[in-house]
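Visitor: Structure supplied as entry.pdb; contents: PDB, C-alpha atoms, pLDDT in the B column.
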```
ATOM      1  CA  MET A   4     -13.584 -41.776  68.900  1.00 84.00           C
ATOM      2  CA  THR A   5     -15.195 -41.354  65.499  1.00 83.00           C
ATOM      3  CA  ALA A   6     -14.293 -38.477  63.180  1.00 83.00           C
ATOM      4  CA  VAL A   7     -17.088 -37.094  60.992  1.00 82.00           C
ATOM      5  CA  SER A   8     -17.557 -34.001  58.866  1.00 84.00           C
ATOM      6  CA  MET A   9     -20.787 -32.013  58.780  1.00 82.00           C
ATOM      7  CA  GLY A  10     -19.375 -29.028  56.957  1.00 85.00           C
ATOM      8  CA  ASN A  11     -16.752 -28.755  59.669  1.00 91.00           C
ATOM      9  CA  PRO A  12     -14.803 -31.515  61.433  1.00 94.00           C
ATOM     10  CA  HIS A  13     -16.068 -33.281  64.556  1.00 96.00           C
ATOM     11  CA  ALA A  14     -14.445 -35.828  66.861  1.00 97.00           C
ATOM     12  CA  VAL A  15     -17.246 -37.760  68.566  1.00 98.00           C
ATOM     13  CA  ILE A  16     -16.563 -39.615  71.797  1.00 98.00           C
ATOM     14  CA  PHE A  17     -19.242 -41.843  73.316  1.00 98.00           C
ATOM     15  CA  VAL A  18     -19.179 -42.145  77.093  1.00 98.00           C
ATOM     16  CA  ASP A  19     -20.844 -45.262  78.461  1.00 96.00           C
ATOM     17  CA  ASP A  20     -20.467 -44.464  82.173  1.00 97.00           C
ATOM     18  CA  PRO A  21     -23.834 -43.046  83.338  1.00 95.00           C
ATOM     19  CA  ALA A  22     -22.129 -41.234  86.235  1.00 96.00           C
ATOM     20  CA  ALA A  23     -19.525 -39.442  84.079  1.00 97.00           C
ATOM     21  CA  ASP A  24     -19.815 -35.657  83.901  1.00 98.00           C
ATOM     22  CA  LEU A  25     -19.844 -34.877  80.161  1.00 98.00           C
ATOM     23  CA  ARG A  26     -19.087 -31.191  80.674  1.00 98.00           C
ATOM     24  CA  ALA A  27     -16.095 -31.970  82.886  1.00 98.00           C
ATOM     25  CA  LEU A  28     -14.791 -34.406  80.257  1.00 98.00           C
ATOM     26  CA  ALA A  29     -15.249 -31.792  77.527  1.00 98.00           C
ATOM     27  CA  GLU A  30     -13.437 -29.143  79.565  1.00 98.00           C
ATOM     28  CA  GLU A  31     -10.579 -31.505  80.415  1.00 98.00           C
ATOM     29  CA  TYR A  32     -10.012 -33.247  77.069  1.00 98.00           C
ATOM     30  CA  GLY A  33     -11.640 -30.962  74.495  1.00 98.00           C
ATOM     31  CA  PRO A  34      -8.803 -28.410  74.277  1.00 98.00           C
ATOM     32  CA  ALA A  35      -6.134 -31.066  73.606  1.00 98.00           C
ATOM     33  CA  ILE A  36      -8.210 -33.018  71.079  1.00 98.00           C
ATOM     34  CA  GLU A  37      -9.202 -29.798  69.259  1.00 97.00           C
ATOM     35  CA  VAL A  38      -5.582 -29.096  68.326  1.00 97.00           C
ATOM     36  CA  ASP A  39      -4.297 -32.671  67.947  1.00 97.00           C
ATOM     37  CA  PRO A  40      -2.152 -33.087  64.790  1.00 96.00           C
ATOM     38  CA  MET A  41      -4.749 -35.592  63.554  1.00 94.00           C
ATOM     39  CA  PHE A  42      -6.910 -32.492  62.899  1.00 94.00           C
ATOM     40  CA  PRO A  43      -4.663 -30.013  61.011  1.00 94.00           C
ATOM     41  CA  ARG A  44      -7.430 -27.370  60.901  1.00 94.00           C
ATOM     42  CA  ARG A  45      -8.636 -28.196  64.421  1.00 96.00           C
ATOM     43  CA  THR A  46     -11.898 -29.918  65.282  1.00 97.00           C
ATOM     44  CA  ASN A  47     -15.020 -29.675  67.387  1.00 97.00           C
ATOM     45  CA  VAL A  48     -15.152 -32.380  70.054  1.00 98.00           C
ATOM     46  CA  GLU A  49     -18.411 -33.996  71.145  1.00 98.00           C
ATOM     47  CA  PHE A  50     -18.870 -35.990  74.345  1.00 98.00           C
ATOM     48  CA  GLY A  51     -22.114 -37.934  74.122  1.00 98.00           C
ATOM     49  CA  ARG A  52     -23.978 -40.503  76.149  1.00 98.00           C
ATOM     50  CA  ILE A  53     -26.727 -42.640  74.658  1.00 98.00           C
ATOM     51  CA  ARG A  54     -29.473 -43.567  77.071  1.00 96.00           C
ATOM     52  CA  HIS A  55     -32.787 -45.304  76.624  1.00 94.00           C
ATOM     53  CA  VAL A  56     -36.044 -43.734  77.775  1.00 90.00           C
ATOM     54  CA  ASP A  57     -39.294 -45.683  77.378  1.00 92.00           C
ATOM     55  CA  GLY A  58     -37.678 -47.907  74.746  1.00 89.00           C
ATOM     56  CA  HIS A  59     -36.329 -45.003  72.678  1.00 95.00           C
ATOM     57  CA  ALA A  60     -32.728 -43.823  72.423  1.00 97.00           C
ATOM     58  CA  GLU A  61     -31.759 -40.286  73.403  1.00 98.00           C
ATOM     59  CA  ILE A  62     -28.359 -38.619  73.569  1.00 98.00           C
ATOM     60  CA  ASP A  63     -26.978 -36.244  76.166  1.00 98.00           C
ATOM     61  CA  LEU A  64     -24.309 -34.132  74.479  1.00 98.00           C
ATOM     62  CA  VAL A  65     -21.698 -31.540  75.424  1.00 98.00           C
ATOM     63  CA  VAL A  66     -19.689 -29.873  72.661  1.00 98.00           C
ATOM     64  CA  TRP A  67     -16.232 -28.323  72.825  1.00 98.00           C
ATOM     65  CA  GLU A  68     -16.313 -26.039  69.785  1.00 97.00           C
ATOM     66  CA  ARG A  69     -13.030 -25.242  68.104  1.00 96.00           C
ATOM     67  CA  GLY A  70     -11.896 -21.740  68.830  1.00 94.00           C
ATOM     68  CA  CYS A  71     -14.442 -20.970  71.565  1.00 94.00           C
ATOM     69  CA  GLY A  72     -14.830 -23.843  74.046  1.00 97.00           C
ATOM     70  CA  ILE A  73     -18.055 -25.187  75.538  1.00 97.00           C
ATOM     71  CA  THR A  74     -21.162 -24.143  73.604  1.00 95.00           C
ATOM     72  CA  LEU A  75     -24.834 -24.216  74.556  1.00 93.00           C
ATOM     73  CA  ALA A  76     -25.795 -25.904  71.305  1.00 92.00           C
ATOM     74  CA  CYS A  77     -24.223 -27.116  68.079  1.00 94.00           C
ATOM     75  CA  GLY A  78     -26.435 -28.323  65.253  1.00 95.00           C
ATOM     76  CA  THR A  79     -23.627 -29.833  63.221  1.00 96.00           C
ATOM     77  CA  GLY A  80     -22.297 -31.496  66.378  1.00 97.00           C
ATOM     78  CA  ALA A  81     -25.682 -33.041  67.153  1.00 98.00           C
ATOM     79  CA  CYS A  82     -26.005 -34.250  63.549  1.00 97.00           C
ATOM     80  CA  GLY A  83     -22.468 -35.611  63.525  1.00 97.00           C
ATOM     81  CA  THR A  84     -22.979 -37.417  66.827  1.00 98.00           C
ATOM     82  CA  VAL A  85     -26.127 -39.207  65.660  1.00 98.00           C
ATOM     83  CA  ALA A  86     -24.453 -40.050  62.333  1.00 97.00           C
ATOM     84  CA  ALA A  87     -21.445 -41.483  64.189  1.00 97.00           C
ATOM     85  CA  ALA A  88     -23.769 -43.509  66.430  1.00 98.00           C
ATOM     86  CA  CYS A  89     -25.474 -44.962  63.342  1.00 97.00           C
ATOM     87  CA  VAL A  90     -22.155 -45.773  61.643  1.00 96.00           C
ATOM     88  CA  GLU A  91     -20.977 -47.488  64.843  1.00 96.00           C
ATOM     89  CA  GLU A  92     -24.335 -49.324  65.014  1.00 96.00           C
ATOM     90  CA  ARG A  93     -25.159 -47.799  68.383  1.00 97.00           C
ATOM     91  CA  LEU A  94     -28.371 -46.347  66.864  1.00 97.00           C
ATOM     92  CA  ARG A  95     -30.547 -47.278  63.925  1.00 96.00           C
ATOM     93  CA  PRO A  96     -30.693 -44.866  60.992  1.00 97.00           C
ATOM     94  CA  GLY A  97     -34.121 -43.671  59.923  1.00 97.00           C
ATOM     95  CA  VAL A  98     -35.250 -43.090  63.513  1.00 97.00           C
ATOM     96  CA  GLU A  99     -35.499 -39.594  64.991  1.00 98.00           C
ATOM     97  CA  THR A 100     -33.218 -39.181  68.009  1.00 98.00           C
ATOM     98  CA  PRO A 101     -33.548 -36.417  70.601  1.00 98.00           C
ATOM     99  CA  VAL A 102     -30.177 -34.853  71.393  1.00 98.00           C
ATOM    100  CA  HIS A 103     -30.102 -32.937  74.675  1.00 98.00           C
ATOM    101  CA  LEU A 104     -27.579 -30.082  74.730  1.00 97.00           C
ATOM    102  CA  PRO A 105     -27.138 -27.490  77.502  1.00 96.00           C
ATOM    103  CA  GLY A 106     -29.091 -24.965  75.397  1.00 93.00           C
ATOM    104  CA  GLY A 107     -31.998 -27.239  74.480  1.00 95.00           C
ATOM    105  CA  THR A 108     -33.024 -30.319  72.560  1.00 97.00           C
ATOM    106  CA  LEU A 109     -32.590 -30.991  68.848  1.00 97.00           C
ATOM    107  CA  HIS A 110     -34.178 -33.902  66.983  1.00 98.00           C
ATOM    108  CA  ILE A 111     -31.889 -35.625  64.490  1.00 98.00           C
ATOM    109  CA  THR A 112     -32.705 -38.249  61.865  1.00 98.00           C
ATOM    110  CA  VAL A 113     -30.045 -39.969  59.779  1.00 98.00           C
ATOM    111  CA  ALA A 114     -31.382 -41.323  56.470  1.00 97.00           C
ATOM    112  CA  PRO A 115     -31.755 -45.123  56.328  1.00 96.00           C
ATOM    113  CA  ASP A 116     -29.054 -45.270  53.628  1.00 95.00           C
ATOM    114  CA  LEU A 117     -26.777 -42.930  55.666  1.00 93.00           C
ATOM    115  CA  VAL A 118     -26.578 -40.341  52.857  1.00 94.00           C
ATOM    116  CA  GLY A 119     -28.415 -37.500  54.588  1.00 95.00           C
ATOM    117  CA  VAL A 120     -29.165 -36.018  57.990  1.00 97.00           C
ATOM    118  CA  ARG A 121     -32.214 -33.986  59.020  1.00 97.00           C
ATOM    119  CA  MET A 122     -32.349 -31.710  62.060  1.00 97.00           C
ATOM    120  CA  ARG A 123     -35.346 -30.058  63.633  1.00 96.00           C
ATOM    121  CA  GLY A 124     -35.577 -27.909  66.709  1.00 94.00           C
ATOM    122  CA  PRO A 125     -36.119 -24.394  67.965  1.00 88.00           C
ATOM    123  CA  ALA A 126     -34.173 -21.383  66.772  1.00 83.00           C
ATOM    124  CA  VAL A 127     -33.947 -18.101  68.665  1.00 82.00           C
ATOM    125  CA  THR A 128     -32.066 -14.872  68.114  1.00 87.00           C
ATOM    126  CA  VAL A 129     -29.425 -14.490  70.799  1.00 81.00           C
ATOM    127  CA  PHE A 130     -27.586 -11.475  69.411  1.00 86.00           C
ATOM    128  CA  ARG A 131     -28.225  -8.657  66.961  1.00 93.00           C
ATOM    129  CA  ALA A 132     -25.706  -6.056  65.868  1.00 93.00           C
ATOM    130  CA  GLU A 133     -24.977  -3.513  63.183  1.00 92.00           C
ATOM    131  CA  LEU A 134     -21.566  -2.996  61.673  1.00 90.00           C
ATOM    132  CA  ASP A 135     -20.344   0.148  59.991  1.00 91.00           C
ATOM    133  CA  LEU A 136     -18.017  -1.474  57.473  1.00 91.00           C
ATOM    134  CA  ALA A 137     -16.615   1.853  56.195  1.00 92.00           C
ATOM    135  CA  ALA A 138     -15.639   2.938  59.727  1.00 90.00           C
ATOM    136  CA  LEU A 139     -14.116  -0.455  60.441  1.00 88.00           C
ATOM    137  CA  MET A 140     -12.041  -0.373  57.258  1.00 91.00           C
ATOM    138  CA  ALA A 141     -10.927   3.222  57.988  1.00 91.00           C
ATOM    139  CA  ARG A 142      -9.666   2.154  61.430  1.00 88.00           C
ATOM    140  CA  ARG A 143      -7.780  -0.692  59.839  1.00 83.00           C
ATOM    141  CA  ALA A 144      -5.953   1.578  57.353  1.00 78.00           C
TER
END
```
With the file now loaded, output its structure as structure tokens.
Guide:
Amino acid sequence: MTAVSMGNPHAVIFVDDPAADLRALAEEYGPAIEVDPMFPRRTNVEFGRIRHVDGHAEIDLVVWERGCGITLACGTGACGTVAAACVEERLRPGVETPVHLPGGTLHITVAPDLVGVRMRGPAVTVFRAELDLAALMARRA
């Protein structure tokens, strides 16, 4: 396991077994790792598998997000996972890596000197709401 921070903490676990079910691992181990004393403010937990397709590395990723469980996508988790893979020398920095999450694919590049991370991918609105702050505050009083 590698711990990284991308604005919020992440515990990245690489799974080498090609038959392992990443979602099942995340559901089984994510809740306990999230609240482990090693992470006093809790952590997101990533379960990733690096695979090679036509000579290029790709990552399959499932994220247990602190406070809410399995998520469809997590940009900071994808960035943190590729950064951890570069630090562990599983991937080369400076090369764009597709990261496949349940909600879609993000493309992550860690700078050759490891000082920056770039993410590209689609963004869609999944929820829109309006909040009447005055009414909310009046209910609270």
Visitor: Can you list what the PyMOL selection byres ((chain A and resi 25) around 12) grabs from this structure, as a PDB file with C-alpha atoms, in the frame of the given file?
Guide:
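The resulting file, selection_8.pdb, is shown below:
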```pdb
ATOM      1  CA  ILE A  16     -16.563 -39.615  71.797  1.00 98.00           C
ATOM      2  CA  PHE A  17     -19.242 -41.843  73.316  1.00 98.00           C
ATOM      3  CA  VAL A  18     -19.179 -42.145  77.093  1.00 98.00           C
ATOM      4  CA  ASP A  19     -20.844 -45.262  78.461  1.00 96.00           C
ATOM      5  CA  ASP A  20     -20.467 -44.464  82.173  1.00 97.00           C
ATOM      6  CA  PRO A  21     -23.834 -43.046  83.338  1.00 95.00           C
ATOM      7  CA  ALA A  22     -22.129 -41.234  86.235  1.00 96.00           C
ATOM      8  CA  ALA A  23     -19.525 -39.442  84.079  1.00 97.00           C
ATOM      9  CA  ASP A  24     -19.815 -35.657  83.901  1.00 98.00           C
ATOM     10  CA  ARG A  26     -19.087 -31.191  80.674  1.00 98.00           C
ATOM     11  CA  ALA A  27     -16.095 -31.970  82.886  1.00 98.00           C
ATOM     12  CA  LEU A  28     -14.791 -34.406  80.257  1.00 98.00           C
ATOM     13  CA  ALA A  29     -15.249 -31.792  77.527  1.00 98.00           C
ATOM     14  CA  GLU A  30     -13.437 -29.143  79.565  1.00 98.00           C
ATOM     15  CA  GLU A  31     -10.579 -31.505  80.415  1.00 98.00           C
ATOM     16  CA  TYR A  32     -10.012 -33.247  77.069  1.00 98.00           C
ATOM     17  CA  GLY A  33     -11.640 -30.962  74.495  1.00 98.00           C
ATOM     18  CA  VAL A  48     -15.152 -32.380  70.054  1.00 98.00           C
ATOM     19  CA  GLU A  49     -18.411 -33.996  71.145  1.00 98.00           C
ATOM     20  CA  PHE A  50     -18.870 -35.990  74.345  1.00 98.00           C
ATOM     21  CA  GLY A  51     -22.114 -37.934  74.122  1.00 98.00           C
ATOM     22  CA  ARG A  52     -23.978 -40.503  76.149  1.00 98.00           C
ATOM     23  CA  ILE A  53     -26.727 -42.640  74.658  1.00 98.00           C
ATOM     24  CA  ILE A  62     -28.359 -38.619  73.569  1.00 98.00           C
ATOM     25  CA  ASP A  63     -26.978 -36.244  76.166  1.00 98.00           C
ATOM     26  CA  LEU A  64     -24.309 -34.132  74.479  1.00 98.00           C
ATOM     27  CA  VAL A  65     -21.698 -31.540  75.424  1.00 98.00           C
ATOM     28  CA  VAL A  66     -19.689 -29.873  72.661  1.00 98.00           C
ATOM     29  CA  TRP A  67     -16.232 -28.323  72.825  1.00 98.00           C
ATOM     30  CA  ILE A  73     -18.055 -25.187  75.538  1.00 97.00           C
ATOM     31  CA  HIS A 103     -30.102 -32.937  74.675  1.00 98.00           C
ATOM     32  CA  LEU A 104     -27.579 -30.082  74.730  1.00 97.00           C
ATOM     33  CA  PRO A 105     -27.138 -27.490  77.502  1.00 96.00           C
TER      34      PRO A 105
END
```
Visitor: Using CA of Val56 in chain A and CA of Ala86 in chain A as the two end points, give the distance in Å to one decimal.
Guide: 19.7 Å
Visitor: Just the residues within 12 Å of range 127-131 of chain A, please, counting all atoms listed in the file, with nothing from its chain fewer than 3 positions along; format it as a short mmCIF file (atom, residue, chain, number, x, y, z; two decimals) with C-alpha atoms, in the coordinates of the input.
Guide:
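The result, stored in part.cif:
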```cif
data_model
loop_
_atom_site.label_atom_id
_atom_site.label_comp_id
_atom_site.auth_asym_id
_atom_site.auth_seq_id
_atom_site.Cartn_x
_atom_site.Cartn_y
_atom_site.Cartn_z
CA LEU A 75 -24.83 -24.22 74.56
CA ALA A 76 -25.80 -25.90 71.31
CA GLY A 106 -29.09 -24.96 75.40
CA GLY A 107 -32.00 -27.24 74.48
CA GLY A 124 -35.58 -27.91 66.71
CA LEU A 134 -21.57 -3.00 61.67
#
```
Visitor: Taking into account all atoms listed in the file, which residue in the set A:Val102, A:Val38, A:Cys71, A:Val85 is nearest to Leu117 in chain A?
Guide: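 Closest to Leu117 in chain A, using all atoms listed in the file: A:Val85.
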Visitor: Nearest to Ala88 in chain A: which of A:Met41, A:Ala35, A:Ala137, A:Val7 is it, counting all atoms listed in the file?
Guide: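 Nearest to Ala88 in chain A: A:Val7.
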Visitor: Find, counting all atoms listed in the file, the residue in A:Pro125, A:Pro40, A:Pro34, A:Pro101 that gets nearest to His59 in chain A.
Guide: A:Pro101
Visitor: Might I get the box with edges along x, y and z of the file that holds all atoms of range 57-75 of chain A listed there, padded by 6 Å on every side, given as centre and edge lengths in Å to one decimal, as JSON?
Guide:
```
{"center_x": -25.6, "center_y": -34.4, "center_z": 72.7, "size_x": 39.4, "size_y": 38.9, "size_z": 21.3}
```
